[in-house]
Amino acid sequence: MKSLIRVGFTLWILMLASQVALAGERDAVSGGFIGGVGLGGAAPVNGFGSDYSGGAGIDGYIGFIIDRNLSALLSIDSFIFDTSNPNIYSGEANFAPSLKYAFGDSPTRVYLIGGLGINDNIAYIQTSFGSLQVSQRNFMIEPGAGVEFFLNNALDLYLQAKFIDVFAESNFSYIPISVGLCFK
């Protein structure tokens with residue numbers, strides 16, 4: 001999982017750096033690549049044990065601007081949920097092809113985002129004999145909404161919330177809220 005997060009983070013950085021370098025050479029609303037990275041927290045909704053508290057993590061996406069309002073994205077999120085037991089925590093990583101639709105043409109725009117993808121749930125347990133990791137992959141949906149604030153032709157600030165519902169043997173869901181930068 002750590003290597004997967006490193007690869008994803010490296011891809012984000014390379015893509016975002018290239019977008020900033022090319023920002024002056026194209027119209028940011030009529031095609032081209034888009035990417036974003038944000039930090040946030042997540043609140044368990046259901047399916048988590050009573051020992052679990054909120055989580056913290058990172059979210060991001062890369063994709064293509066279809067038109068002024070519509071973008072096709074690959075959303076990637078990763079959150080860690082602590083428990084009241086310091087030897088147990090849960091890691092969540094989500095990979096979801098998504099669509100984002102932003103309303104209007106003003107500097108501050110509300111948008112809807114939705115995707116269907118894969119959740120990788122990893123439980124980490126530290127024992128006196130070493131550590132144990134248990135992993136399972138399941139389908140998930142992630143509808144959400146956000147607000148983006150125009151900063152310049154290459155950069156927006158966003159505030160976003162999603163509802164992530166994982167279809168596991170025992171379903172669980174959580175709501176991540178993040179703040180980040182969108183590079184276009």
# chains A, B, ... in the order shown; residues from 1 in each chain; ligands from 1
>>> residues_around(residues="A:Gly144", least_positions_apart="5", cutoff="12 Å", atoms="only C-alpha atoms", output="PDB file with N, CA, C and O atoms, in the first residue's frame")
ATOM      1  N   SER A  75     -10.178   9.790  -9.499  1.00  0.00           N
ATOM      2  CA  SER A  75     -10.055  10.252  -8.115  1.00  0.00           C
ATOM      3  C   SER A  75      -9.303   9.214  -7.301  1.00  0.00           C
ATOM      4  O   SER A  75      -9.567   8.018  -7.411  1.00  0.00           O
ATOM      5  N   SER A  98     -14.272   9.138 -12.260  1.00  0.00           N
ATOM      6  CA  SER A  98     -15.324  10.045 -11.791  1.00  0.00           C
ATOM      7  C   SER A  98     -15.637  11.106 -12.837  1.00  0.00           C
ATOM      8  O   SER A  98     -14.825  11.398 -13.714  1.00  0.00           O
ATOM      9  N   LEU A  99     -16.806  11.705 -12.686  1.00  0.00           N
ATOM     10  CA  LEU A  99     -17.187  12.877 -13.462  1.00  0.00           C
ATOM     11  C   LEU A  99     -17.424  14.032 -12.496  1.00  0.00           C
ATOM     12  O   LEU A  99     -17.998  13.849 -11.425  1.00  0.00           O
ATOM     13  N   LYS A 100     -16.985  15.212 -12.915  1.00  0.00           N
ATOM     14  CA  LYS A 100     -17.180  16.427 -12.116  1.00  0.00           C
ATOM     15  C   LYS A 100     -17.893  17.438 -12.995  1.00  0.00           C
ATOM     16  O   LYS A 100     -17.448  17.728 -14.113  1.00  0.00           O
ATOM     17  N   TYR A 101     -19.015  17.957 -12.486  1.00  0.00           N
ATOM     18  CA  TYR A 101     -19.755  18.980 -13.224  1.00  0.00           C
ATOM     19  C   TYR A 101     -19.841  20.241 -12.382  1.00  0.00           C
ATOM     20  O   TYR A 101     -20.406  20.225 -11.292  1.00  0.00           O
ATOM     21  N   ALA A 102     -19.263  21.334 -12.880  1.00  0.00           N
ATOM     22  CA  ALA A 102     -19.281  22.620 -12.184  1.00  0.00           C
ATOM     23  C   ALA A 102     -20.374  23.495 -12.799  1.00  0.00           C
ATOM     24  O   ALA A 102     -20.497  23.589 -14.014  1.00  0.00           O
ATOM     25  N   VAL A 110     -20.016  26.069  -7.655  1.00  0.00           N
ATOM     26  CA  VAL A 110     -20.403  24.847  -6.965  1.00  0.00           C
ATOM     27  C   VAL A 110     -20.298  23.702  -7.974  1.00  0.00           C
ATOM     28  O   VAL A 110     -20.596  23.881  -9.156  1.00  0.00           O
ATOM     29  N   TYR A 111     -19.884  22.535  -7.510  1.00  0.00           N
ATOM     30  CA  TYR A 111     -19.811  21.388  -8.418  1.00  0.00           C
ATOM     31  C   TYR A 111     -20.292  20.117  -7.738  1.00  0.00           C
ATOM     32  O   TYR A 111     -20.309  20.004  -6.520  1.00  0.00           O
ATOM     33  N   LEU A 112     -20.703  19.181  -8.576  1.00  0.00           N
ATOM     34  CA  LEU A 112     -21.037  17.824  -8.152  1.00  0.00           C
ATOM     35  C   LEU A 112     -19.977  16.898  -8.719  1.00  0.00           C
ATOM     36  O   LEU A 112     -19.477  17.118  -9.825  1.00  0.00           O
ATOM     37  N   ILE A 113     -19.637  15.871  -7.948  1.00  0.00           N
ATOM     38  CA  ILE A 113     -18.653  14.887  -8.393  1.00  0.00           C
ATOM     39  C   ILE A 113     -19.178  13.505  -8.021  1.00  0.00           C
ATOM     40  O   ILE A 113     -19.833  13.348  -6.994  1.00  0.00           O
ATOM     41  N   GLY A 114     -18.946  12.544  -8.882  1.00  0.00           N
ATOM     42  CA  GLY A 114     -19.384  11.190  -8.572  1.00  0.00           C
ATOM     43  C   GLY A 114     -18.532  10.172  -9.276  1.00  0.00           C
ATOM     44  O   GLY A 114     -18.069  10.399 -10.393  1.00  0.00           O
ATOM     45  N   GLY A 115     -18.298   9.065  -8.590  1.00  0.00           N
ATOM     46  CA  GLY A 115     -17.478   8.023  -9.176  1.00  0.00           C
ATOM     47  C   GLY A 115     -17.845   6.650  -8.652  1.00  0.00           C
ATOM     48  O   GLY A 115     -18.506   6.508  -7.622  1.00  0.00           O
ATOM     49  N   LEU A 116     -17.426   5.651  -9.387  1.00  0.00           N
ATOM     50  CA  LEU A 116     -17.611   4.251  -9.027  1.00  0.00           C
ATOM     51  C   LEU A 116     -16.247   3.596  -9.191  1.00  0.00           C
ATOM     52  O   LEU A 116     -15.618   3.732 -10.242  1.00  0.00           O
ATOM     53  N   LEU A 159     -12.973  23.202  -1.817  1.00  0.00           N
ATOM     54  CA  LEU A 159     -13.481  22.613  -0.577  1.00  0.00           C
ATOM     55  C   LEU A 159     -14.486  21.569  -1.025  1.00  0.00           C
ATOM     56  O   LEU A 159     -15.420  21.887  -1.757  1.00  0.00           O
ATOM     57  N   GLN A 160     -14.300  20.317  -0.592  1.00  0.00           N
ATOM     58  CA  GLN A 160     -15.087  19.209  -1.130  1.00  0.00           C
ATOM     59  C   GLN A 160     -15.481  18.229  -0.038  1.00  0.00           C
ATOM     60  O   GLN A 160     -14.716  17.979   0.889  1.00  0.00           O
ATOM     61  N   ALA A 161     -16.688  17.683  -0.174  1.00  0.00           N
ATOM     62  CA  ALA A 161     -17.157  16.608   0.708  1.00  0.00           C
ATOM     63  C   ALA A 161     -17.714  15.492  -0.160  1.00  0.00           C
ATOM     64  O   ALA A 161     -18.349  15.742  -1.184  1.00  0.00           O
ATOM     65  N   LYS A 162     -17.462  14.257   0.245  1.00  0.00           N
ATOM     66  CA  LYS A 162     -17.988  13.087  -0.465  1.00  0.00           C
ATOM     67  C   LYS A 162     -18.657  12.162   0.543  1.00  0.00           C
ATOM     68  O   LYS A 162     -18.405  12.242   1.740  1.00  0.00           O
ATOM     69  N   PHE A 163     -19.487  11.278   0.023  1.00  0.00           N
ATOM     70  CA  PHE A 163     -20.050  10.189   0.815  1.00  0.00           C
ATOM     71  C   PHE A 163     -19.508   8.908   0.197  1.00  0.00           C
ATOM     72  O   PHE A 163     -19.896   8.545  -0.917  1.00  0.00           O
ATOM     73  N   ILE A 164     -18.589   8.233   0.878  1.00  0.00           N
ATOM     74  CA  ILE A 164     -17.977   7.020   0.336  1.00  0.00           C
ATOM     75  C   ILE A 164     -18.674   5.818   0.955  1.00  0.00           C
ATOM     76  O   ILE A 164     -18.673   5.641   2.171  1.00  0.00           O
ATOM     77  N   ASP A 165     -19.302   5.032   0.089  1.00  0.00           N
ATOM     78  CA  ASP A 165     -20.043   3.847   0.513  1.00  0.00           C
ATOM     79  C   ASP A 165     -19.369   2.622  -0.098  1.00  0.00           C
ATOM     80  O   ASP A 165     -19.307   2.482  -1.321  1.00  0.00           O
ATOM     81  N   TYR A 174     -18.201   6.394   5.004  1.00  0.00           N
ATOM     82  CA  TYR A 174     -17.630   7.531   5.714  1.00  0.00           C
ATOM     83  C   TYR A 174     -17.705   8.771   4.833  1.00  0.00           C
ATOM     84  O   TYR A 174     -17.938   8.690   3.633  1.00  0.00           O
ATOM     85  N   ILE A 175     -17.551   9.934   5.477  1.00  0.00           N
ATOM     86  CA  ILE A 175     -17.628  11.220   4.782  1.00  0.00           C
ATOM     87  C   ILE A 175     -16.292  11.942   4.925  1.00  0.00           C
ATOM     88  O   ILE A 175     -15.975  12.442   6.002  1.00  0.00           O
ATOM     89  N   PRO A 176     -15.499  11.990   3.847  1.00  0.00           N
ATOM     90  CA  PRO A 176     -14.277  12.785   3.882  1.00  0.00           C
ATOM     91  C   PRO A 176     -14.552  14.226   3.426  1.00  0.00           C
ATOM     92  O   PRO A 176     -15.316  14.460   2.493  1.00  0.00           O
ATOM     93  N   ILE A 177     -13.939  15.161   4.105  1.00  0.00           N
ATOM     94  CA  ILE A 177     -14.008  16.589   3.739  1.00  0.00           C
ATOM     95  C   ILE A 177     -12.584  17.055   3.540  1.00  0.00           C
ATOM     96  O   ILE A 177     -11.722  16.812   4.386  1.00  0.00           O
ATOM     97  N   SER A 178     -12.321  17.720   2.414  1.00  0.00           N
ATOM     98  CA  SER A 178     -10.951  18.121   2.123  1.00  0.00           C
ATOM     99  C   SER A 178     -10.886  19.525   1.541  1.00  0.00           C
ATOM    100  O   SER A 178     -11.837  20.036   0.968  1.00  0.00           O
TER     101      SER A 178
END
>>> atom_distance(atom1="atom CA of A:Gly104", atom2="atom CA of A:Ile141")
25.6 Å
>>> select_by_dssp(residues="chain A", states="strand (DSSP E)", output="number ranges by chain")
A: 33-46, 52-65, 70-83, 88-102, 108-127, 130-141, 144-152, 155-162, 164-167, 172-183
>>> closest_residue(among="A:Asn153, A:Asn121, A:Asn69, A:Thr108", to="A:Asn94", atoms="only C-alpha atoms")
A:Asn121
>>> residues_around(residues="A:Ala96", least_positions_apart="4", cutoff="12 Å", atoms="only C-alpha atoms", output="mmCIF file with N, CA and C atoms, in the first residue's frame")
data_model
loop_
_atom_site.group_PDB
_atom_site.id
_atom_site.type_symbol
_atom_site.label_atom_id
_atom_site.label_comp_id
_atom_site.auth_asym_id
_atom_site.auth_seq_id
_atom_site.Cartn_x
_atom_site.Cartn_y
_atom_site.Cartn_z
ATOM 1 N N ASP A 59 -6.429 13.537 -0.579
ATOM 2 C CA ASP A 59 -7.214 13.183 -1.758
ATOM 3 C C ASP A 59 -6.588 13.857 -2.960
ATOM 4 N N GLY A 60 -6.922 13.352 -4.107
ATOM 5 C CA GLY A 60 -6.390 13.945 -5.321
ATOM 6 C C GLY A 60 -7.085 13.392 -6.542
ATOM 7 N N TYR A 61 -6.781 13.978 -7.665
ATOM 8 C CA TYR A 61 -7.342 13.508 -8.924
ATOM 9 C C TYR A 61 -6.484 14.000 -10.074
ATOM 10 N N ILE A 62 -6.550 13.257 -11.164
ATOM 11 C CA ILE A 62 -5.996 13.681 -12.438
ATOM 12 C C ILE A 62 -7.080 13.417 -13.470
ATOM 13 N N GLY A 63 -7.087 14.205 -14.520
ATOM 14 C CA GLY A 63 -8.129 14.003 -15.516
ATOM 15 C C GLY A 63 -8.015 14.952 -16.683
ATOM 16 N N ALA A 72 -13.601 14.727 -16.758
ATOM 17 C CA ALA A 72 -13.497 13.294 -16.482
ATOM 18 C C ALA A 72 -12.226 13.090 -15.664
ATOM 19 N N LEU A 73 -12.348 12.412 -14.510
ATOM 20 C CA LEU A 73 -11.246 12.323 -13.559
ATOM 21 C C LEU A 73 -10.988 10.895 -13.113
ATOM 22 N N LEU A 74 -9.797 10.665 -12.603
ATOM 23 C CA LEU A 74 -9.492 9.495 -11.802
ATOM 24 C C LEU A 74 -9.238 10.034 -10.407
ATOM 25 N N SER A 75 -10.178 9.790 -9.499
ATOM 26 C CA SER A 75 -10.055 10.252 -8.115
ATOM 27 C C SER A 75 -9.303 9.214 -7.301
ATOM 28 N N ILE A 76 -8.376 9.688 -6.476
ATOM 29 C CA ILE A 76 -7.580 8.818 -5.619
ATOM 30 C C ILE A 76 -7.590 9.419 -4.219
ATOM 31 N N ASP A 77 -8.081 8.668 -3.257
ATOM 32 C CA ASP A 77 -8.164 9.139 -1.871
ATOM 33 C C ASP A 77 -7.521 8.103 -0.962
ATOM 34 N N SER A 78 -6.919 8.563 0.130
ATOM 35 C CA SER A 78 -6.366 7.653 1.118
ATOM 36 C C SER A 78 -6.545 8.256 2.507
ATOM 37 N N ILE A 113 -19.637 15.871 -7.948
ATOM 38 C CA ILE A 113 -18.653 14.887 -8.393
ATOM 39 C C ILE A 113 -19.178 13.505 -8.021
ATOM 40 N N GLY A 114 -18.946 12.544 -8.882
ATOM 41 C CA GLY A 114 -19.384 11.190 -8.572
ATOM 42 C C GLY A 114 -18.532 10.172 -9.276
ATOM 43 N N GLY A 115 -18.298 9.065 -8.590
ATOM 44 C CA GLY A 115 -17.478 8.023 -9.176
ATOM 45 C C GLY A 115 -17.845 6.650 -8.652
ATOM 46 N N LEU A 116 -17.426 5.651 -9.387
ATOM 47 C CA LEU A 116 -17.611 4.251 -9.027
ATOM 48 C C LEU A 116 -16.247 3.596 -9.191
ATOM 49 N N GLY A 117 -15.770 2.930 -8.133
ATOM 50 C CA GLY A 117 -14.430 2.375 -8.231
ATOM 51 C C GLY A 117 -14.143 1.287 -7.223
ATOM 52 N N ILE A 118 -12.887 1.216 -6.827
ATOM 53 C CA ILE A 118 -12.388 0.165 -5.937
ATOM 54 C C ILE A 118 -11.889 0.793 -4.640
ATOM 55 N N ASN A 119 -12.248 0.172 -3.515
ATOM 56 C CA ASN A 119 -11.748 0.543 -2.199
ATOM 57 C C ASN A 119 -10.807 -0.553 -1.739
ATOM 58 N N ASP A 120 -9.657 -0.170 -1.240
ATOM 59 C CA ASP A 120 -8.718 -1.113 -0.639
ATOM 60 C C ASP A 120 -8.691 -0.805 0.852
ATOM 61 N N ASN A 138 -12.974 -3.967 -2.452
ATOM 62 C CA ASN A 138 -14.415 -3.998 -2.714
ATOM 63 C C ASN A 138 -14.804 -2.837 -3.625
ATOM 64 N N PHE A 139 -15.957 -2.980 -4.263
ATOM 65 C CA PHE A 139 -16.506 -1.877 -5.044
ATOM 66 C C PHE A 139 -17.020 -0.802 -4.105
ATOM 67 N N MET A 140 -17.003 0.434 -4.603
ATOM 68 C CA MET A 140 -17.501 1.553 -3.807
ATOM 69 C C MET A 140 -18.033 2.643 -4.734
ATOM 70 N N ILE A 141 -18.905 3.476 -4.179
ATOM 71 C CA ILE A 141 -19.362 4.672 -4.876
ATOM 72 C C ILE A 141 -18.960 5.876 -4.042
ATOM 73 N N GLU A 142 -18.783 7.010 -4.714
ATOM 74 C CA GLU A 142 -18.409 8.213 -3.991
ATOM 75 C C GLU A 142 -19.040 9.464 -4.599
ATOM 76 N N PRO A 143 -20.335 9.684 -4.341
ATOM 77 C CA PRO A 143 -20.935 10.952 -4.753
ATOM 78 C C PRO A 143 -20.464 12.068 -3.824
ATOM 79 N N ILE A 164 -18.589 8.233 0.878
ATOM 80 C CA ILE A 164 -17.977 7.020 0.336
ATOM 81 C C ILE A 164 -18.674 5.818 0.955
ATOM 82 N N VAL A 166 -18.854 1.746 0.765
ATOM 83 C CA VAL A 166 -18.094 0.568 0.335
ATOM 84 C C VAL A 166 -18.974 -0.668 0.451
#
